[in-house]
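S.K.: One file: coords.csv (CSV, C-alpha atoms).
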```csv
chain,number,residue,atom,x,y,z
A,241,MET,CA,12.1,-1.7,11.1
A,242,HIS,CA,13.6,-1.0,14.5
A,243,ILE,CA,17.3,-1.7,14.7
A,244,ASP,CA,16.8,-4.5,17.3
A,245,GLU,CA,14.3,-6.2,14.9
A,246,ARG,CA,16.8,-6.0,12.1
A,247,LEU,CA,19.6,-7.5,14.2
A,248,SER,CA,17.3,-10.2,15.5
A,249,ALA,CA,16.2,-11.1,12.0
A,250,SER,CA,19.8,-11.5,10.9
A,251,LEU,CA,20.6,-13.7,13.8
A,252,ASP,CA,17.5,-15.8,13.4
A,253,LYS,CA,18.5,-16.4,9.8
A,254,ARG,CA,21.9,-17.6,10.9
A,255,ILE,CA,20.3,-19.9,13.4
A,256,ALA,CA,17.9,-21.3,10.8
A,257,GLU,CA,20.8,-21.9,8.4
A,258,LYS,CA,22.8,-23.5,11.2
A,259,THR,CA,25.6,-20.9,10.7
A,260,PHE,CA,25.2,-19.2,14.1
A,261,ARG,CA,28.5,-18.5,15.9
A,262,SER,CA,28.9,-18.4,19.7
A,263,LEU,CA,31.8,-18.4,22.1
A,264,THR,CA,32.6,-21.7,23.8
A,265,LEU,CA,35.0,-23.0,26.5
A,266,LYS,CA,36.4,-26.5,26.1
A,267,SER,CA,38.5,-26.8,29.2
A,268,GLY,CA,40.2,-30.0,30.1
A,269,LEU,CA,40.3,-31.3,26.5
A,270,ILE,CA,43.4,-32.5,24.6
A,271,ASP,CA,44.4,-29.7,22.3
A,272,PHE,CA,44.0,-30.5,18.6
A,273,SER,CA,42.5,-27.1,17.8
A,274,SER,CA,44.8,-24.2,18.7
A,275,ASN,CA,47.5,-22.6,16.5
A,276,ASP,CA,50.0,-23.1,19.3
A,277,TYR,CA,52.0,-25.5,17.1
A,278,LEU,CA,55.2,-25.5,19.2
A,279,GLY,CA,53.7,-25.1,22.6
A,280,PHE,CA,55.1,-21.6,23.1
A,281,ALA,CA,51.8,-20.3,24.5
A,282,ARG,CA,52.1,-22.7,27.4
A,283,SER,CA,55.9,-22.5,27.7
A,284,PRO,CA,57.3,-21.7,31.2
A,285,GLU,CA,60.6,-20.7,29.7
A,286,LEU,CA,58.9,-18.1,27.5
A,287,LYS,CA,56.9,-16.8,30.4
A,288,ASN,CA,60.0,-16.5,32.6
A,289,ARG,CA,61.9,-14.6,29.9
A,290,VAL,CA,59.0,-12.1,29.6
A,291,ASN,CA,58.9,-11.8,33.4
A,292,ASP,CA,62.6,-11.0,33.5
A,293,TYR,CA,62.0,-8.1,31.1
A,294,GLU,CA,59.0,-6.8,33.0
A,295,LEU,CA,60.9,-6.8,36.3
A,296,SER,CA,63.7,-4.7,34.8
A,297,GLU,CA,63.3,-1.1,35.9
A,298,LYS,CA,64.9,-0.1,32.6
A,299,TYR,CA,61.8,-1.1,30.7
A,300,TYR,CA,59.0,-0.5,33.1
A,301,SER,CA,55.7,0.7,31.5
A,302,ASN,CA,52.1,-0.5,31.8
A,303,GLY,CA,50.9,0.9,28.5
A,304,SER,CA,52.3,2.5,25.3
A,305,THR,CA,50.3,5.7,25.9
A,306,GLY,CA,49.6,6.4,22.2
A,307,SER,CA,50.3,5.6,18.6
A,308,ARG,CA,53.9,4.9,17.5
A,309,LEU,CA,53.9,8.2,15.7
A,310,LEU,CA,53.0,10.2,18.8
A,311,SER,CA,53.9,9.0,22.3
A,312,GLY,CA,53.9,5.2,21.8
A,313,ASN,CA,57.3,4.6,20.2
A,314,SER,CA,60.2,3.2,22.2
A,315,ALA,CA,63.8,2.3,21.8
A,316,PHE,CA,62.9,-1.3,22.5
A,317,ALA,CA,60.3,-1.3,19.6
A,318,GLU,CA,62.9,0.1,17.2
A,319,GLU,CA,65.6,-2.4,18.3
A,320,LEU,CA,63.0,-5.2,18.0
A,321,GLU,CA,62.2,-4.3,14.4
A,322,LYS,CA,65.8,-4.3,13.5
A,323,PHE,CA,66.2,-7.7,15.1
A,324,ILE,CA,63.1,-9.1,13.3
A,325,ALA,CA,64.3,-7.8,9.9
A,326,GLY,CA,67.7,-9.4,10.4
A,327,TYR,CA,66.2,-12.7,11.6
A,328,HIS,CA,64.1,-13.1,8.5
A,329,ASN,CA,66.7,-11.7,6.1
A,330,ALA,CA,64.7,-8.6,5.2
A,331,GLN,CA,65.8,-5.0,4.9
A,332,ALA,CA,63.2,-3.6,7.3
A,333,ALA,CA,60.3,-4.6,9.6
A,334,LEU,CA,57.3,-2.7,10.9
A,335,LEU,CA,55.3,-4.0,13.9
A,336,PHE,CA,51.5,-4.1,13.8
A,337,ASN,CA,49.2,-5.0,16.7
A,338,SER,CA,47.9,-8.2,14.9
A,339,GLY,CA,48.0,-10.0,11.6
A,340,TYR,CA,44.5,-8.8,10.8
A,341,ASN,CA,45.6,-5.2,11.5
A,342,ALA,CA,48.8,-5.6,9.4
A,343,ASN,CA,46.9,-7.0,6.3
A,344,LEU,CA,44.3,-4.3,6.7
A,345,GLY,CA,47.0,-1.6,6.7
A,346,LEU,CA,49.2,-3.1,4.0
A,347,PHE,CA,46.6,-3.7,1.3
A,348,SER,CA,44.5,-0.6,2.0
A,349,ALA,CA,47.6,1.6,1.7
A,350,LEU,CA,49.1,0.0,-1.4
A,351,GLY,CA,46.1,-0.4,-3.8
A,352,ARG,CA,45.4,2.8,-5.8
A,353,LYS,CA,43.0,3.5,-8.5
A,354,GLY,CA,44.2,1.9,-11.7
A,355,ASP,CA,46.1,-0.8,-9.8
A,356,THR,CA,45.3,-4.5,-9.7
A,357,ILE,CA,45.5,-7.0,-6.8
A,358,ILE,CA,45.4,-10.6,-8.0
A,359,TYR,CA,44.8,-13.0,-5.1
A,360,ASP,CA,44.5,-16.7,-4.4
A,361,GLU,CA,40.8,-17.4,-3.8
A,362,LEU,CA,41.6,-18.9,-0.4
A,363,ILE,CA,43.5,-15.9,0.9
A,364,HIS,CA,42.7,-14.9,4.5
A,365,ALA,CA,39.7,-12.8,5.3
A,366,SER,CA,42.0,-10.0,6.6
A,367,VAL,CA,43.4,-9.6,3.1
A,368,HIS,CA,39.9,-9.4,1.7
A,369,ASP,CA,39.1,-6.6,4.1
A,370,GLY,CA,42.3,-4.7,3.3
A,371,MET,CA,41.6,-5.0,-0.4
A,372,ARG,CA,38.0,-3.7,0.0
A,373,LEU,CA,39.5,-0.5,1.6
A,374,SER,CA,41.9,0.0,-1.3
A,375,LYS,CA,41.0,1.6,-4.6
A,376,ALA,CA,42.5,-1.2,-6.7
A,377,GLU,CA,40.7,-3.6,-8.9
A,378,CYS,CA,40.8,-7.0,-7.2
A,379,LYS,CA,40.7,-10.3,-9.1
A,380,PRO,CA,40.8,-13.9,-7.6
A,381,PHE,CA,42.5,-16.9,-9.2
A,382,ALA,CA,41.6,-20.5,-8.5
A,383,HIS,CA,43.5,-21.9,-5.6
A,384,ASN,CA,47.2,-22.6,-6.6
A,385,ASN,CA,46.2,-22.4,-10.3
A,386,ILE,CA,49.4,-21.1,-11.9
A,387,ALA,CA,47.9,-21.1,-15.4
A,388,GLU,CA,45.0,-18.9,-14.3
A,389,LEU,CA,47.3,-16.6,-12.4
A,390,GLU,CA,49.4,-16.1,-15.6
A,391,THR,CA,46.3,-15.4,-17.7
A,392,LEU,CA,45.3,-12.6,-15.3
A,393,LEU,CA,48.8,-11.2,-15.2
A,394,LYS,CA,48.8,-10.9,-19.0
A,395,GLN,CA,45.5,-8.9,-18.8
A,396,THR,CA,46.5,-6.4,-16.1
A,397,THR,CA,47.7,-2.8,-16.6
A,398,GLY,CA,49.1,-0.4,-14.0
A,399,GLN,CA,50.8,-1.6,-10.8
A,400,THR,CA,50.0,-5.2,-10.1
A,401,PHE,CA,50.2,-7.0,-6.8
A,402,VAL,CA,49.9,-10.8,-6.3
A,403,ALA,CA,48.8,-12.0,-2.8
A,404,VAL,CA,49.2,-15.5,-1.5
A,405,GLU,CA,49.7,-17.4,1.7
A,406,SER,CA,52.7,-19.6,2.1
A,407,VAL,CA,50.6,-22.0,4.1
A,408,TYR,CA,46.9,-21.7,3.8
A,409,SER,CA,44.9,-21.4,7.0
A,410,MET,CA,41.9,-23.5,6.1
A,411,ASP,CA,43.4,-26.3,3.9
A,412,GLY,CA,47.0,-26.3,5.3
A,413,ASP,CA,48.6,-26.7,1.9
A,414,PHE,CA,51.4,-24.7,0.4
A,415,ALA,CA,51.6,-22.0,-2.2
A,416,THR,CA,54.0,-22.9,-5.1
A,417,LEU,CA,56.1,-19.8,-4.2
A,418,LYS,CA,58.9,-20.4,-6.7
A,419,GLU,CA,56.6,-20.7,-9.7
A,420,ILE,CA,54.6,-17.7,-8.5
A,421,ALA,CA,57.7,-15.6,-8.0
A,422,VAL,CA,58.9,-16.4,-11.5
A,423,LEU,CA,55.6,-15.2,-13.0
A,424,CYS,CA,55.6,-12.0,-10.9
A,425,LYS,CA,59.1,-11.2,-12.1
A,426,LYS,CA,58.1,-11.9,-15.7
A,427,TYR,CA,55.1,-9.6,-15.6
A,428,ASN,CA,56.6,-7.0,-13.3
A,429,ALA,CA,54.1,-7.7,-10.4
A,430,SER,CA,54.9,-7.3,-6.7
A,431,LEU,CA,54.5,-10.5,-4.7
A,432,ILE,CA,53.0,-10.3,-1.2
A,433,VAL,CA,53.2,-13.4,1.0
A,434,ASP,CA,51.3,-14.0,4.2
A,435,GLU,CA,53.5,-16.2,6.3
A,436,ALA,CA,51.2,-16.4,9.4
A,437,HIS,CA,51.1,-20.2,9.4
A,438,ALA,CA,54.7,-20.8,8.3
A,439,THR,CA,56.5,-18.5,10.8
A,440,GLY,CA,58.3,-20.5,13.5
A,441,ILE,CA,57.9,-23.8,11.7
A,442,PHE,CA,59.4,-23.7,8.2
A,443,GLY,CA,62.8,-22.4,7.2
A,444,LYS,CA,66.0,-22.4,9.2
A,445,ASN,CA,65.1,-21.5,12.8
A,446,GLY,CA,61.5,-20.9,11.8
A,447,THR,CA,62.2,-18.0,9.4
A,448,GLY,CA,59.3,-19.0,7.2
A,449,SER,CA,58.7,-20.5,3.7
A,450,VAL,CA,60.0,-17.5,1.8
A,451,CYS,CA,63.4,-17.9,3.4
A,452,GLU,CA,63.3,-21.7,3.1
A,453,SER,CA,62.7,-21.2,-0.7
A,454,GLY,CA,65.5,-18.5,-0.9
A,455,LEU,CA,63.0,-16.0,-2.3
A,456,GLU,CA,63.7,-13.0,0.1
A,457,ASN,CA,64.7,-10.8,-2.8
A,458,GLU,CA,61.8,-11.8,-5.0
A,459,VAL,CA,59.1,-11.0,-2.5
A,460,PHE,CA,57.9,-7.4,-2.2
A,461,ALA,CA,56.3,-7.8,1.3
A,462,ARG,CA,55.9,-10.6,3.8
A,463,LEU,CA,53.5,-10.7,6.7
A,464,ILE,CA,54.6,-12.7,9.8
A,465,THR,CA,52.4,-13.1,12.9
A,466,TYR,CA,53.2,-14.0,16.5
A,467,GLY,CA,49.9,-15.5,17.7
A,468,LYS,CA,50.4,-18.9,16.2
A,469,ALA,CA,53.7,-20.9,16.5
A,470,MET,CA,55.3,-18.0,18.3
A,471,GLY,CA,52.8,-18.3,21.2
A,472,CYS,CA,52.2,-14.5,21.8
A,473,HIS,CA,50.6,-11.7,19.9
A,474,GLY,CA,51.2,-9.2,17.2
A,475,ALA,CA,52.6,-9.1,13.6
A,476,ALA,CA,55.2,-7.5,11.4
A,477,VAL,CA,55.4,-6.6,7.8
A,478,LEU,CA,58.8,-7.3,6.2
A,479,GLY,CA,60.1,-5.5,3.1
A,480,SER,CA,62.3,-2.6,2.1
A,481,THR,CA,63.0,0.5,4.1
A,482,LEU,CA,61.1,2.4,1.5
A,483,LEU,CA,58.0,0.2,2.1
A,484,LYS,CA,58.3,0.6,5.8
A,485,ASN,CA,58.5,4.4,5.5
A,486,TYR,CA,55.5,4.3,3.1
A,487,LEU,CA,53.4,2.3,5.5
A,488,MET,CA,54.3,4.6,8.4
A,489,ASN,CA,52.8,7.5,6.4
A,490,PHE,CA,49.9,5.8,4.6
A,491,ALA,CA,48.8,2.7,6.5
A,492,ARG,CA,45.9,4.0,8.6
A,493,ALA,CA,45.8,0.8,10.6
A,494,PHE,CA,49.3,1.7,11.8
A,495,ILE,CA,48.9,5.5,12.1
A,496,TYR,CA,45.6,5.6,14.0
A,497,THR,CA,45.9,2.9,16.6
A,498,THR,CA,47.5,2.8,20.1
A,499,ALA,CA,50.8,1.0,19.9
A,500,ALA,CA,51.3,-2.4,21.5
A,501,PRO,CA,52.6,-2.1,25.1
A,502,LEU,CA,56.1,-3.1,26.1
A,503,ASN,CA,55.1,-6.4,27.6
A,504,ASN,CA,53.7,-7.4,24.2
A,505,LEU,CA,57.1,-6.6,22.6
A,506,PHE,CA,58.9,-8.4,25.4
A,507,ALA,CA,56.9,-11.5,24.6
A,508,ILE,CA,57.8,-11.3,20.9
A,509,LYS,CA,61.5,-10.9,21.5
A,510,SER,CA,61.4,-13.7,24.1
A,511,ALA,CA,59.6,-16.0,21.6
A,512,TYR,CA,62.4,-15.5,19.1
A,513,ASP,CA,65.0,-16.3,21.8
A,514,VAL,CA,63.1,-19.5,22.6
A,515,LEU,CA,62.7,-20.3,18.9
A,516,LEU,CA,66.4,-20.3,18.4
A,517,GLN,CA,66.6,-23.3,20.8
A,518,SER,CA,63.5,-25.1,19.5
A,519,GLU,CA,64.9,-27.5,16.8
A,520,GLU,CA,63.7,-30.5,18.9
A,521,GLN,CA,60.1,-29.1,19.1
A,522,ILE,CA,60.0,-28.3,15.3
A,523,THR,CA,61.3,-31.9,14.6
A,524,ALA,CA,58.7,-33.4,17.0
A,525,LEU,CA,55.9,-31.4,15.2
A,526,LYS,CA,56.9,-32.7,11.8
A,527,ILE,CA,57.1,-36.3,13.1
A,528,ASN,CA,53.6,-35.9,14.5
A,529,ILE,CA,52.3,-34.6,11.2
A,530,ILE,CA,53.6,-37.7,9.4
A,531,PHE,CA,52.3,-40.0,12.1
A,532,PHE,CA,48.8,-38.5,12.1
A,533,LYS,CA,48.5,-38.7,8.3
A,534,SER,CA,49.6,-42.3,8.2
A,535,ARG,CA,47.0,-43.2,10.9
A,536,ILE,CA,44.0,-41.2,9.9
A,537,LYS,CA,44.2,-42.6,6.4
A,538,THR,CA,43.3,-46.0,7.8
A,539,VAL,CA,39.9,-44.7,8.8
A,540,ALA,CA,37.2,-45.9,6.4
A,541,ALA,CA,35.7,-43.2,4.1
A,542,ILE,CA,37.9,-40.5,5.5
A,543,ASN,CA,38.1,-37.4,3.3
A,544,LEU,CA,41.4,-35.8,4.3
A,545,HIS,CA,42.6,-32.7,2.5
A,546,GLU,CA,46.2,-33.3,1.4
A,547,SER,CA,48.6,-31.2,3.6
A,548,SER,CA,52.1,-31.5,5.0
A,549,SER,CA,51.6,-28.7,7.5
A,550,PRO,CA,50.2,-28.9,11.1
A,551,ILE,CA,46.8,-28.0,9.6
A,552,GLN,CA,44.9,-31.1,8.7
A,553,SER,CA,41.3,-30.8,7.4
A,554,ILE,CA,38.8,-33.6,7.4
A,555,ILE,CA,36.0,-32.7,5.0
A,556,ILE,CA,32.5,-33.5,6.3
A,557,PRO,CA,29.9,-31.7,4.2
A,558,GLY,CA,27.0,-30.1,5.9
A,559,ASN,CA,27.0,-27.7,8.9
A,560,GLU,CA,24.8,-29.8,11.1
A,561,ARG,CA,26.7,-33.1,10.3
A,562,VAL,CA,30.1,-31.6,10.9
A,563,ARG,CA,29.0,-30.0,14.2
A,564,ASN,CA,27.5,-33.3,15.4
A,565,ILE,CA,30.7,-35.3,14.6
A,566,ALA,CA,32.8,-32.6,16.3
A,567,ALA,CA,30.6,-32.9,19.4
A,568,GLN,CA,31.0,-36.6,19.5
A,569,ILE,CA,34.8,-36.3,19.3
A,570,GLN,CA,34.8,-33.6,21.9
A,571,SER,CA,32.9,-35.9,24.2
A,572,LYS,CA,35.8,-38.3,24.0
A,573,GLY,CA,38.1,-35.7,25.4
A,574,PHE,CA,39.6,-34.0,22.3
A,575,ASP,CA,39.4,-30.3,21.5
A,576,VAL,CA,38.5,-30.2,17.8
A,577,ARG,CA,36.3,-27.6,16.2
A,578,PRO,CA,34.0,-27.7,13.2
A,579,LEU,CA,34.4,-25.1,10.5
A,580,VAL,CA,31.1,-24.3,8.8
A,581,SER,CA,29.9,-22.2,5.9
A,582,PRO,CA,30.2,-19.3,5.3
A,583,THR,CA,33.7,-19.5,6.8
A,584,VAL,CA,34.4,-22.2,4.3
A,585,PRO,CA,32.5,-22.8,1.0
A,586,VAL,CA,29.3,-24.8,1.2
A,587,GLY,CA,30.1,-28.5,0.8
A,588,GLN,CA,33.6,-28.0,2.2
A,589,GLU,CA,32.6,-27.9,5.8
A,590,ARG,CA,35.3,-29.6,7.9
A,591,ILE,CA,36.9,-30.5,11.2
A,592,ARG,CA,40.2,-28.6,11.1
A,593,ILE,CA,42.8,-30.4,13.2
A,594,CYS,CA,45.9,-28.6,14.4
A,595,LEU,CA,48.8,-30.8,15.4
A,596,HIS,CA,51.4,-29.7,17.9
A,597,ALA,CA,54.9,-30.7,19.0
A,598,PHE,CA,53.4,-31.6,22.5
A,599,ASN,CA,50.8,-34.1,21.2
A,600,THR,CA,51.8,-37.7,22.1
A,601,GLU,CA,51.5,-40.7,19.8
A,602,LYS,CA,48.8,-42.1,22.1
A,603,GLU,CA,46.8,-38.9,21.9
A,604,ILE,CA,47.0,-39.0,18.1
A,605,GLU,CA,46.1,-42.7,18.0
A,606,ASP,CA,43.1,-42.1,20.4
A,607,LEU,CA,41.9,-39.2,18.2
A,608,VAL,CA,42.0,-41.4,15.1
A,609,SER,CA,40.0,-44.0,17.0
A,610,ALA,CA,37.4,-41.3,17.9
A,611,PHE,CA,37.0,-40.4,14.2
A,612,GLN,CA,36.7,-44.1,13.4
A,613,THR,CA,33.8,-44.4,15.8
A,614,ALA,CA,32.1,-41.1,14.9
A,615,LEU,CA,32.2,-41.5,11.1
```
So, in terms of structure tokens, how does the structure I just supplied come out?
M.R.:
Amino acid sequence: MHIDERLSASLDKRIAEKTFRSLTLKSGLIDFSSNDYLGFARSPELKNRVNDYELSEKYYSNGSTGSRLLSGNSAFAEELEKFIAGYHNAQAALLFNSGYNANLGLFSALGRKGDTIIYDELIHASVHDGMRLSKAECKPFAHNNIAELETLLKQTTGQTFVAVESVYSMDGDFATLKEIAVLCKKYNASLIVDEAHATGIFGKNGTGSVCESGLENEVFARLITYGKAMGCHGAAVLGSTLLKNYLMNFARAFIYTTAAPLNNLFAIKSAYDVLLQSEEQITALKINIIFFKSRIKTVAAINLHESSSPIQSIIIPGNERVRNIAAQIQSKGFDVRPLVSPTVPVGQERIRICLHAFNTEKEIEDLVSAFQTAL
């Protein structure tokens, strides 16, 4: 079979199964879709702070010119990593170009033959890809099922890692971090927590759920990302200085990629500066979460997944049905997106709503009314 025929056959199968993906633009709609929880991506203050850095001759550079280990390192990058570590009460931080890149590098570098990685079945796709590149045996446990996690921990030999998200990206619910940390300590397992959807929102000054729970010393590695509540781009792995040095030597996703340019690093530092002044926005977001949940539950036959985070999922089984309902709501002026299988399990298709600090009560009320009509 010619390669074009093979590619076409795969795409045709997706189209027939109604799982075909394509890029879309939804301009002019009210945002209930993006991960811009605090509005930083649209923040004039953040933009102005980045511009101030870029206009400084001290820091002028268009590109990083190479990997961090070759020509792409800078004093600013090293200073930023020290700042990030201090902000999140960690010993060290290592910057990566994205959250996907960081998980790929972290898990592929850590897992050796004879090791075991036990992971929550709803862990992010980037962790799955990192685990596939490792040599460790990988075992899932049912979502937030502490009893099953302990059963697996009892059975493992060699170095064991446990991987969870503090806030899960599809369901929006929380890991029971304190219980998991106790089990990891009991069975001498190293706990890794992906904080992508908690960074900037939970914990004092948005330090994350690990800090909020006081578990900094119980967690082996944390992943924080900057493309969600922080409104820019990139990621960092938090942990010990030993872990940082190890990743600089063995994480191929760090070693063999061009480093982020300075303007990317300026945005990260500026986002932290704005975050320190954003208590009002964080409070507004949490008020909107409570308000949305109280209103959407009045819609007849609504199947809302329980969550206290900005991620609110309305389960609407069937790819075609969930797409049709999303289209109806978009026609009313709201940017909501359907999540279809295989991104989520068959029967768990959903409209994933992301709430923001900048959404008004009227916008939320009108969104609820649109669901009432569509369902």
S.K.: Compile the contact shell of Ala491 in chain A as a PyMOL selection string: residues with an atom at most 10 Å away, counting only C-alpha atoms, same-chain residues fewer than 6 positions apart removed.
M.R.: chain A and resi 341-350+484-485
S.K.: Which one is closest to Thr264 in chain A: A:Leu334, A:Val584, A:Val514, A:Val576? Count only C-alpha atoms.
M.R.: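 Counting only C-alpha atoms, the residue closest to Thr264 in chain A is A:Val576.
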S.K.: Please provide the set of residues having any atom within 6 Å of range 302-307 of chain A, restricted to only C-alpha atoms, with same-chain residues fewer than 2 positions apart removed, written as a ChimeraX atom specification.
M.R.: /A:309-312,497-499,501
S.K.: Could I get the residues of range 421-474 of chain A with an atom no further than 12 Å from an atom of range 358-373 of chain A, each paired with its nearest atom pair and that distance in Å to one decimal, using only C-alpha atoms, sorted by chain and residue number, as a tab-separated table?
M.R.:
```
residue	atom	partner	partner_atom	distance
A:Cys424	CA	A:Ile358	CA	10.7
A:Ala429	CA	A:Ile358	CA	9.5
A:Ser430	CA	A:Ile358	CA	10.1
A:Leu431	CA	A:Ile358	CA	9.7
A:Ile432	CA	A:Tyr359	CA	9.5
A:Val433	CA	A:Ile363	CA	10.0
A:Asp434	CA	A:His364	CA	8.7
A:Glu435	CA	A:His364	CA	11.0
A:Ala436	CA	A:His364	CA	9.9
A:His437	CA	A:His364	CA	11.1
A:Leu463	CA	A:Val367	CA	10.8
```
S.K.: In Å to one decimal, how far is CA of Val407 in chain A from CA of His383 in chain A?
M.R.: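 Separation of CA of His383 in chain A and CA of Val407 in chain A: 12.0 Å.
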S.K.: Could you check which of A:Leu247, A:Lys572, A:Asp413, A:Cys451 is closest to Gly326 in chain A, using all atoms listed in the file?
M.R.: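 Of all the options, A:Cys451 lies closest to Gly326 in chain A.
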S.K.: Which is closest to Pro582 in chain A among A:Asn489, A:Thr259, A:Ser283, A:Ser547, if we use all atoms listed in the file?
M.R.: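 Ranking A:Asn489, A:Thr259, A:Ser283, A:Ser547 by distance to Pro582 in chain A, first place goes to A:Thr259.
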S.K.: Could you give me, as an NGL selection string, the residues that have an atom at most 12 Å away from the point (20.4, -22.4, 11.0) in the coordinates of the file, using all atoms listed in the file?
M.R.: :A and (250-261 or 558-560 or 563 or 580-582)
S.K.: With distances taken over only C-alpha atoms, which residue among A:Leu482, A:Cys472, A:Ile386, A:Met410 lies nearest Asn504 in chain A?
M.R.: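 That would be A:Cys472, the residue with the smallest distance to Asn504 in chain A.
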S.K.: Find the residue from A:Glu405, A:Asp411, A:Asp355, A:Glu603 that sits nearest to Ser449 in chain A; use only C-alpha atoms when measuring.
M.R.: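 When distances to Ser449 in chain A are compared using only C-alpha atoms, the smallest one comes from A:Glu405.
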S.K.: Rank nothing, just name the residue among A:Ala614, A:Ile569, A:Leu544, A:Val539 nearest to Arg590 in chain A, using all atoms listed in the file.
M.R.: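 Counting all atoms listed in the file, the residue closest to Arg590 in chain A is A:Leu544.
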S.K.: Separation of CA of Ala469 in chain A and CA of Ile591 in chain A, in Å?
M.R.: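 Result for CA of Ala469 in chain A versus CA of Ile591 in chain A: 20.1 Å, one decimal.
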S.K.: One number please: CA of Tyr300 in chain A to CA of Ile464 in chain A, in Å, one decimal.
M.R.: 26.7 Å
S.K.: (44.6, -41.4, 18.1) in this file's frame - what residues fall within 12 Å of it? Use all atoms listed in the file and give the answer as a ChimeraX atom specification.
M.R.: /A:270,272,528,531-539,569,572-574,595,599-613
S.K.: Would you pick out the contacts of range 419-423 of chain A at 7 Å or less, using all atoms listed in the file, so that residues sharing its chain but fewer than 3 positions from it are not included, and give the list as a PyMOL selection string?
M.R.: chain A and resi 390+416+426-427+431+458
